[in-house]
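J.: Pasting query17.cif here (mmCIF, C-alpha atoms):
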```cif
data_coords
loop_
_atom_site.group_PDB
_atom_site.id
_atom_site.type_symbol
_atom_site.label_atom_id
_atom_site.label_comp_id
_atom_site.auth_asym_id
_atom_site.auth_seq_id
_atom_site.Cartn_x
_atom_site.Cartn_y
_atom_site.Cartn_z
ATOM 1 C CA MET A 1 17.088 -22.610 26.237
ATOM 2 C CA HIS A 2 20.077 -21.169 24.337
ATOM 3 C CA LYS A 3 18.969 -22.797 21.050
ATOM 4 C CA ARG A 4 15.476 -21.379 21.396
ATOM 5 C CA LYS A 5 16.862 -17.888 22.019
ATOM 6 C CA LYS A 6 19.224 -18.204 19.046
ATOM 7 C CA ARG A 7 16.386 -19.415 16.786
ATOM 8 C CA LYS A 8 14.142 -16.521 17.883
ATOM 9 C CA SER A 9 16.976 -14.065 17.241
ATOM 10 C CA HIS A 10 17.511 -15.575 13.760
ATOM 11 C CA GLN A 11 13.780 -15.248 12.996
ATOM 12 C CA GLN A 12 13.813 -11.599 14.089
ATOM 13 C CA VAL A 13 16.798 -10.861 11.844
ATOM 14 C CA GLN A 14 15.079 -12.683 8.984
ATOM 15 C CA LYS A 15 11.908 -10.653 9.515
ATOM 16 C CA ILE A 16 13.837 -7.355 9.569
ATOM 17 C CA ALA A 17 15.665 -8.318 6.377
ATOM 18 C CA PHE A 18 12.416 -9.363 4.694
ATOM 19 C CA VAL A 19 10.633 -6.127 5.634
ATOM 20 C CA SER A 20 13.669 -4.092 4.521
ATOM 21 C CA VAL A 21 13.842 -5.718 1.087
ATOM 22 C CA PHE A 22 10.116 -5.363 0.436
ATOM 23 C CA SER A 23 10.058 -1.805 1.813
ATOM 24 C CA ALA A 24 12.774 -0.949 -0.703
ATOM 25 C CA LEU A 25 10.837 -2.613 -3.540
ATOM 26 C CA ILE A 26 7.623 -0.779 -2.621
ATOM 27 C CA THR A 27 9.597 2.485 -2.348
ATOM 28 C CA LEU A 28 10.940 2.006 -5.865
ATOM 29 C CA LEU A 29 7.549 1.013 -7.274
ATOM 30 C CA THR A 30 5.948 4.053 -5.617
ATOM 31 C CA ILE A 31 8.473 6.320 -7.325
ATOM 32 C CA VAL A 32 7.909 4.671 -10.719
ATOM 33 C CA SER A 33 4.526 6.089 -11.625
ATOM 34 C CA VAL A 34 2.199 7.561 -14.209
ATOM 35 C CA PRO A 35 1.347 11.241 -13.532
ATOM 36 C CA MET A 36 -2.322 12.049 -12.881
ATOM 37 C CA PRO A 37 -4.292 15.228 -12.057
ATOM 38 C CA GLN A 38 -4.164 16.542 -8.476
ATOM 39 C CA PRO A 39 -5.029 15.456 -5.853
ATOM 40 C CA LEU A 40 -4.473 11.920 -7.195
ATOM 41 C CA ALA A 41 -0.943 12.906 -8.304
ATOM 42 C CA GLU A 42 0.032 9.512 -9.740
ATOM 43 C CA ILE A 43 -0.737 5.868 -10.325
ATOM 44 C CA THR A 44 2.167 3.799 -9.044
ATOM 45 C CA LEU A 45 3.287 0.254 -9.766
ATOM 46 C CA ALA A 46 3.408 -0.731 -6.074
ATOM 47 C CA PRO A 47 -0.122 -2.172 -5.596
ATOM 48 C CA ALA A 48 0.690 -5.509 -7.232
ATOM 49 C CA VAL A 49 3.451 -6.121 -4.681
ATOM 50 C CA TYR A 50 1.770 -4.928 -1.494
ATOM 51 C CA LEU A 51 -1.526 -6.646 -2.359
ATOM 52 C CA ALA A 52 0.379 -9.919 -2.869
ATOM 53 C CA LEU A 53 2.280 -9.415 0.398
ATOM 54 C CA GLY A 54 -1.016 -8.968 2.245
ATOM 55 C CA TYR A 55 -1.927 -12.505 1.249
ATOM 56 C CA LEU A 56 1.488 -14.169 1.461
ATOM 57 C CA VAL A 57 2.938 -13.062 4.787
ATOM 58 C CA ASP A 58 1.809 -12.072 8.252
ATOM 59 C CA ARG A 59 -0.093 -8.832 8.763
ATOM 60 C CA LYS A 60 2.644 -7.078 10.677
ATOM 61 C CA SER A 61 5.336 -7.717 8.043
ATOM 62 C CA ALA A 62 3.037 -6.816 5.143
ATOM 63 C CA PHE A 63 1.799 -3.660 6.878
ATOM 64 C CA THR A 64 5.286 -2.546 7.921
ATOM 65 C CA ALA A 65 6.860 -3.068 4.493
ATOM 66 C CA THR A 66 3.924 -1.349 2.787
ATOM 67 C CA ALA A 67 3.823 1.606 5.189
ATOM 68 C CA ILE A 68 7.586 2.220 5.132
ATOM 69 C CA GLY A 69 7.931 1.743 1.373
ATOM 70 C CA SER A 70 4.907 3.895 0.556
ATOM 71 C CA PHE A 71 6.006 6.672 2.902
ATOM 72 C CA LEU A 72 9.587 6.724 1.620
ATOM 73 C CA GLY A 73 8.573 6.527 -2.045
ATOM 74 C CA GLU A 74 6.029 9.305 -1.733
ATOM 75 C CA THR A 75 8.491 11.423 0.278
ATOM 76 C CA ILE A 76 10.992 11.108 -2.568
ATOM 77 C CA ASN A 77 8.205 12.064 -4.994
ATOM 78 C CA LEU A 78 7.425 15.072 -2.809
ATOM 79 C CA PHE A 79 10.966 16.394 -3.134
ATOM 80 C CA THR A 80 11.461 15.543 -6.803
ATOM 81 C CA ARG A 81 8.134 16.459 -8.404
ATOM 82 C CA PRO A 82 6.458 19.853 -8.492
ATOM 83 C CA GLY A 83 3.028 20.311 -6.940
ATOM 84 C CA TYR A 84 3.198 17.524 -4.363
ATOM 85 C CA LEU A 85 1.912 18.456 -0.922
ATOM 86 C CA PRO A 86 3.685 17.472 2.327
ATOM 87 C CA ILE A 87 0.635 15.483 3.459
ATOM 88 C CA TYR A 88 0.914 13.019 0.536
ATOM 89 C CA PRO A 89 3.350 10.558 2.202
ATOM 90 C CA PHE A 90 1.056 10.313 5.221
ATOM 91 C CA GLY A 91 -1.930 9.772 2.946
ATOM 92 C CA MET A 92 -0.146 6.844 1.310
ATOM 93 C CA VAL A 93 0.278 5.141 4.686
ATOM 94 C CA TRP A 94 -3.335 5.973 5.630
ATOM 95 C CA ALA A 95 -4.592 4.372 2.416
ATOM 96 C CA ARG A 96 -2.176 1.529 1.725
ATOM 97 C CA GLY A 97 -1.492 0.205 5.234
ATOM 98 C CA PRO A 98 -5.083 -0.853 5.868
ATOM 99 C CA GLU A 99 -5.267 -2.279 2.351
ATOM 100 C CA VAL A 100 -2.839 -5.053 3.241
ATOM 101 C CA LEU A 101 -4.747 -5.694 6.468
ATOM 102 C CA ILE A 102 -7.934 -6.149 4.438
ATOM 103 C CA VAL A 103 -6.193 -8.544 2.041
ATOM 104 C CA SER A 104 -4.652 -10.474 4.953
ATOM 105 C CA VAL A 105 -8.146 -11.673 5.908
ATOM 106 C CA ALA A 106 -7.838 -14.003 2.904
ATOM 107 C CA ARG A 107 -4.521 -15.511 4.030
ATOM 108 C CA GLY A 108 -4.729 -19.291 3.929
ATOM 109 C CA ARG A 109 -7.949 -19.196 1.893
ATOM 110 C CA SER A 110 -8.581 -19.451 -1.845
ATOM 111 C CA LEU A 111 -7.045 -17.093 -4.372
ATOM 112 C CA LYS A 112 -10.559 -16.268 -5.551
ATOM 113 C CA PHE A 113 -11.367 -14.976 -2.059
ATOM 114 C CA ALA A 114 -8.018 -13.175 -2.010
ATOM 115 C CA GLY A 115 -8.970 -11.446 -5.262
ATOM 116 C CA LEU A 116 -12.270 -10.336 -3.730
ATOM 117 C CA MET A 117 -10.446 -8.934 -0.699
ATOM 118 C CA MET A 118 -8.029 -7.106 -3.018
ATOM 119 C CA VAL A 119 -10.986 -5.501 -4.786
ATOM 120 C CA LEU A 120 -12.448 -4.432 -1.426
ATOM 121 C CA ALA A 121 -9.033 -3.130 -0.365
ATOM 122 C CA THR A 122 -8.782 -1.035 -3.528
ATOM 123 C CA VAL A 123 -12.247 0.404 -2.933
ATOM 124 C CA TYR A 124 -11.137 1.251 0.624
ATOM 125 C CA GLU A 125 -7.996 2.948 -0.757
ATOM 126 C CA THR A 126 -10.102 5.037 -3.133
ATOM 127 C CA LEU A 127 -12.406 6.169 -0.319
ATOM 128 C CA ALA A 128 -9.394 6.737 1.968
ATOM 129 C CA PHE A 129 -8.143 9.288 -0.562
ATOM 130 C CA LEU A 130 -11.487 10.721 -1.719
ATOM 131 C CA ILE A 131 -13.090 11.500 1.650
ATOM 132 C CA PRO A 132 -10.119 13.289 3.272
ATOM 133 C CA ASP A 133 -9.222 15.099 0.032
ATOM 134 C CA GLY A 134 -12.829 16.251 -0.348
ATOM 135 C CA LEU A 135 -12.745 17.622 3.181
ATOM 136 C CA PHE A 136 -9.282 19.171 2.703
ATOM 137 C CA TYR A 137 -10.513 21.021 -0.391
ATOM 138 C CA SER A 138 -13.805 21.952 1.284
ATOM 139 C CA TYR A 139 -12.084 23.586 4.237
ATOM 140 C CA GLY A 140 -8.804 24.638 2.581
ATOM 141 C CA LEU A 141 -6.610 22.415 4.752
ATOM 142 C CA PHE A 142 -2.999 21.240 4.243
ATOM 143 C CA GLY A 143 -2.313 23.446 1.234
ATOM 144 C CA TYR A 144 -5.401 22.332 -0.703
ATOM 145 C CA GLY A 145 -6.320 25.960 -1.489
ATOM 146 C CA SER A 146 -8.982 28.254 -0.089
ATOM 147 C CA PRO A 147 -12.134 26.915 1.587
ATOM 148 C CA MET A 148 -14.805 26.248 -1.055
ATOM 149 C CA GLY A 149 -17.649 24.380 0.653
ATOM 150 C CA LEU A 150 -18.448 20.665 0.724
ATOM 151 C CA THR A 151 -19.924 20.253 -2.742
ATOM 152 C CA GLN A 152 -17.101 22.084 -4.499
ATOM 153 C CA GLY A 153 -14.521 20.386 -2.250
ATOM 154 C CA PHE A 154 -15.677 16.911 -3.192
ATOM 155 C CA LEU A 155 -15.947 17.856 -6.845
ATOM 156 C CA ALA A 156 -12.327 19.041 -6.680
ATOM 157 C CA ALA A 157 -11.332 15.654 -5.223
ATOM 158 C CA ILE A 158 -13.278 13.584 -7.762
ATOM 159 C CA SER A 159 -10.109 12.610 -9.639
ATOM 160 C CA ASP A 160 -9.337 10.371 -6.634
ATOM 161 C CA LEU A 161 -11.799 7.926 -8.192
ATOM 162 C CA GLY A 162 -8.951 7.261 -10.626
ATOM 163 C CA THR A 163 -7.418 5.176 -7.847
ATOM 164 C CA LEU A 164 -9.837 2.456 -8.925
ATOM 165 C CA ILE A 165 -7.455 1.835 -11.821
ATOM 166 C CA ASP A 166 -5.459 -0.098 -9.213
ATOM 167 C CA LEU A 167 -8.021 -2.859 -9.771
ATOM 168 C CA LEU A 168 -5.899 -3.718 -12.812
ATOM 169 C CA PHE A 169 -3.197 -4.816 -10.382
ATOM 170 C CA VAL A 170 -5.401 -7.487 -8.751
ATOM 171 C CA PRO A 171 -4.761 -10.156 -11.430
ATOM 172 C CA ILE A 172 -1.067 -9.210 -11.411
ATOM 173 C CA ALA A 173 -0.970 -9.654 -7.618
ATOM 174 C CA ILE A 174 -2.664 -13.053 -7.988
ATOM 175 C CA GLY A 175 -0.015 -13.974 -10.576
ATOM 176 C CA ILE A 176 2.748 -12.881 -8.196
ATOM 177 C CA ILE A 177 1.222 -15.026 -5.458
ATOM 178 C CA LYS A 178 1.083 -18.068 -7.743
ATOM 179 C CA ALA A 179 4.670 -17.471 -8.841
ATOM 180 C CA VAL A 180 6.299 -16.877 -5.455
ATOM 181 C CA GLN A 181 4.156 -18.749 -2.934
ATOM 182 C CA PRO A 182 6.006 -22.074 -3.352
ATOM 183 C CA THR A 183 9.349 -20.301 -2.871
ATOM 184 C CA PHE A 184 8.051 -18.307 0.106
ATOM 185 C CA GLU A 185 6.834 -21.566 1.671
ATOM 186 C CA LYS A 186 10.139 -23.320 0.933
ATOM 187 C CA LEU A 187 12.066 -20.457 2.549
ATOM 188 C CA GLY A 188 9.674 -20.426 5.486
ATOM 189 C CA PHE A 189 8.425 -16.888 4.915
ATOM 190 C CA THR A 190 4.787 -17.859 5.063
ATOM 191 C CA SER A 191 5.119 -19.646 8.399
ATOM 192 C CA LYS A 192 8.188 -18.205 10.129
ATOM 193 C CA LEU A 193 7.014 -14.621 9.749
ATOM 194 C CA ASN A 194 3.928 -15.203 11.915
#
```
Taking this structure as input, can you express it in the form of structure tokens?

T.:
Amino acid sequence: MHKRKKRKSHQQVQKIAFVSVFSALITLLTIVSVPMPQPLAEITLAPAVYLALGYLVDRKSAFTATAIGSFLGETINLFTRPGYLPIYPFGMVWARGPEVLIVSVARGRSLKFAGLMMVLATVYETLAFLIPDGLFYSYGLFGYGSPMGLTQGFLAAISDLGTLIDLLFVPIAIGIIKAVQPTFEKLGFTSKLN
């Protein structure tokens, strides 16, 4: 009984450490970015990591690390870059969190299927930005200016389609998976984090 409790406690500590390290990495890679027109704001380097995590580890760990890292990184961007709106960190969680859940459907299946799920996840992310931003512009919500009507609102949000550039990170994420999966398995991350 005592050994089982100790082992469970060790696994919980390991999971917290894992999520902390990858949250920090995603935070950093969310800060490192290429500026883009509003409302898109930027293209970050984080997708390669969180897409790979969605395939490599359990849903809860991948989602938690992605949500925390994205929120913290975008919050830092909010306070260090002009023109960022306070809703941006929440939008990152809204868009990126479900992305890793979509990719996690491929866990344990082929990398080809994982790549397909990453493409679908990126399309989801694009729509998760475009639809709310279009509505925010249309109705003048959350600092997106004065109400302008649906057509003009969605035209103002059209730069969100630039999020599809994240598709370039799919082959990088596949490469990360190929590079780290044996180590993750050896360390027990792919099974112990369930």

J.: To test your reading of the syntax: which residues would the PyMOL selection byres ((chain A and resi 108-113) around 10) return for the file shown? Reply as a list of chain:residue names.

T.: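 In the shown coordinates, the PyMOL selection byres ((chain A and resi 108-113) around 10) covers A:Tyr55, A:Leu56, A:Val57, A:Val103, A:Ser104, A:Val105, A:Ala106, A:Arg107, A:Ala114, A:Gly115, A:Leu116, A:Met117, A:Met118, A:Val119, A:Ile174, A:Gly175, A:Ile177, A:Lys178, A:Thr190.
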
J.: Write the residues of the selection above to a file with C-alpha atoms, as a PDB file, in the coordinates of the input.

T.:
```pdb
ATOM      1  CA  TYR A  55      -1.927 -12.505   1.249  1.00  0.00           C
ATOM      2  CA  LEU A  56       1.488 -14.169   1.461  1.00  0.00           C
ATOM      3  CA  VAL A  57       2.938 -13.062   4.787  1.00  0.00           C
ATOM      4  CA  VAL A 103      -6.193  -8.544   2.041  1.00  0.00           C
ATOM      5  CA  SER A 104      -4.652 -10.474   4.953  1.00  0.00           C
ATOM      6  CA  VAL A 105      -8.146 -11.673   5.908  1.00  0.00           C
ATOM      7  CA  ALA A 106      -7.838 -14.003   2.904  1.00  0.00           C
ATOM      8  CA  ARG A 107      -4.521 -15.511   4.030  1.00  0.00           C
ATOM      9  CA  ALA A 114      -8.018 -13.175  -2.010  1.00  0.00           C
ATOM     10  CA  GLY A 115      -8.970 -11.446  -5.262  1.00  0.00           C
ATOM     11  CA  LEU A 116     -12.270 -10.336  -3.730  1.00  0.00           C
ATOM     12  CA  MET A 117     -10.446  -8.934  -0.699  1.00  0.00           C
ATOM     13  CA  MET A 118      -8.029  -7.106  -3.018  1.00  0.00           C
ATOM     14  CA  VAL A 119     -10.986  -5.501  -4.786  1.00  0.00           C
ATOM     15  CA  ILE A 174      -2.664 -13.053  -7.988  1.00  0.00           C
ATOM     16  CA  GLY A 175      -0.015 -13.974 -10.576  1.00  0.00           C
ATOM     17  CA  ILE A 177       1.222 -15.026  -5.458  1.00  0.00           C
ATOM     18  CA  LYS A 178       1.083 -18.068  -7.743  1.00  0.00           C
ATOM     19  CA  THR A 190       4.787 -17.859   5.063  1.00  0.00           C
TER      20      THR A 190
END
```

J.: Would you translate the PyMOL selection byres ((chain A and resi 162-168) around 8) into the concrete set of residues it matches in this file, as a PyMOL selection string?

T.: chain A and resi 40+43+47+118-119+122-123+125-126+159-161+169-172

J.: Could those residues be written to a file, using C-alpha atoms, as a tab-separated table (two decimals), in the coordinates of the input?

T.:
```
chain	number	residue	atom	x	y	z
A	40	LEU	CA	-4.47	11.92	-7.20
A	43	ILE	CA	-0.74	5.87	-10.32
A	47	PRO	CA	-0.12	-2.17	-5.60
A	118	MET	CA	-8.03	-7.11	-3.02
A	119	VAL	CA	-10.99	-5.50	-4.79
A	122	THR	CA	-8.78	-1.03	-3.53
A	123	VAL	CA	-12.25	0.40	-2.93
A	125	GLU	CA	-8.00	2.95	-0.76
A	126	THR	CA	-10.10	5.04	-3.13
A	159	SER	CA	-10.11	12.61	-9.64
A	160	ASP	CA	-9.34	10.37	-6.63
A	161	LEU	CA	-11.80	7.93	-8.19
A	169	PHE	CA	-3.20	-4.82	-10.38
A	170	VAL	CA	-5.40	-7.49	-8.75
A	171	PRO	CA	-4.76	-10.16	-11.43
A	172	ILE	CA	-1.07	-9.21	-11.41
```

J.: Figure out the distance between CA of Ser138 in chain A and CA of Arg81 in chain A, please, to one decimal in Å.

T.: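 Interatomic distance here is 24.6 Å.
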
J.: Could you tell me how far CA of Ser146 in chain A lies from CA of Met92 in chain A, in Å and to one decimal?

T.: 23.2 Å

J.: In Å, how far is it from CA of Ile26 in chain A to CA of Gly69 in chain A?

T.: 4.7 Å

J.: Rank A:Leu25, A:Ala46, A:Ala62, A:Leu85 by their smallest atom-to-atom distance to Phe189 in chain A, using all atoms listed in the file, and report the top residue only.

T.: A:Ala62

J.: Once N, CA and C atoms are restored for range 40-52 of chain A, what would the output be as a PDB file, keeping the file's coordinate frame?

T.:
```pdb
ATOM      1  N   LEU A  40      -4.919  13.299  -7.012  1.00  0.00           N
ATOM      2  CA  LEU A  40      -4.473  11.920  -7.195  1.00  0.00           C
ATOM      3  C   LEU A  40      -2.961  11.851  -7.360  1.00  0.00           C
ATOM      4  N   ALA A  41      -2.387  12.760  -8.091  1.00  0.00           N
ATOM      5  CA  ALA A  41      -0.943  12.906  -8.304  1.00  0.00           C
ATOM      6  C   ALA A  41      -0.347  11.844  -9.216  1.00  0.00           C
ATOM      7  N   GLU A  42      -0.555  10.550  -8.906  1.00  0.00           N
ATOM      8  CA  GLU A  42       0.032   9.512  -9.740  1.00  0.00           C
ATOM      9  C   GLU A  42      -0.644   8.170  -9.524  1.00  0.00           C
ATOM     10  N   ILE A  43      -0.409   7.287 -10.479  1.00  0.00           N
ATOM     11  CA  ILE A  43      -0.737   5.868 -10.325  1.00  0.00           C
ATOM     12  C   ILE A  43       0.618   5.176 -10.278  1.00  0.00           C
ATOM     13  N   THR A  44       0.866   4.455  -9.201  1.00  0.00           N
ATOM     14  CA  THR A  44       2.167   3.799  -9.044  1.00  0.00           C
ATOM     15  C   THR A  44       2.084   2.328  -9.408  1.00  0.00           C
ATOM     16  N   LEU A  45       3.233   1.682  -9.457  1.00  0.00           N
ATOM     17  CA  LEU A  45       3.287   0.254  -9.766  1.00  0.00           C
ATOM     18  C   LEU A  45       3.310  -0.623  -8.507  1.00  0.00           C
ATOM     19  N   ALA A  46       3.275   0.002  -7.340  1.00  0.00           N
ATOM     20  CA  ALA A  46       3.408  -0.731  -6.074  1.00  0.00           C
ATOM     21  C   ALA A  46       2.234  -1.648  -5.705  1.00  0.00           C
ATOM     22  N   PRO A  47       0.986  -1.349  -6.085  1.00  0.00           N
ATOM     23  CA  PRO A  47      -0.122  -2.172  -5.596  1.00  0.00           C
ATOM     24  C   PRO A  47       0.025  -3.670  -5.844  1.00  0.00           C
ATOM     25  N   ALA A  48       0.560  -4.070  -6.968  1.00  0.00           N
ATOM     26  CA  ALA A  48       0.690  -5.509  -7.232  1.00  0.00           C
ATOM     27  C   ALA A  48       1.520  -6.196  -6.158  1.00  0.00           C
ATOM     28  N   VAL A  49       2.563  -5.520  -5.688  1.00  0.00           N
ATOM     29  CA  VAL A  49       3.451  -6.121  -4.681  1.00  0.00           C
ATOM     30  C   VAL A  49       2.812  -6.103  -3.304  1.00  0.00           C
ATOM     31  N   TYR A  50       2.295  -4.945  -2.863  1.00  0.00           N
ATOM     32  CA  TYR A  50       1.770  -4.928  -1.494  1.00  0.00           C
ATOM     33  C   TYR A  50       0.474  -5.717  -1.357  1.00  0.00           C
ATOM     34  N   LEU A  51      -0.332  -5.802  -2.427  1.00  0.00           N
ATOM     35  CA  LEU A  51      -1.526  -6.646  -2.359  1.00  0.00           C
ATOM     36  C   LEU A  51      -1.125  -8.122  -2.226  1.00  0.00           C
ATOM     37  N   ALA A  52      -0.114  -8.534  -2.975  1.00  0.00           N
ATOM     38  CA  ALA A  52       0.379  -9.919  -2.869  1.00  0.00           C
ATOM     39  C   ALA A  52       0.946 -10.190  -1.477  1.00  0.00           C
TER      40      ALA A  52
END
```
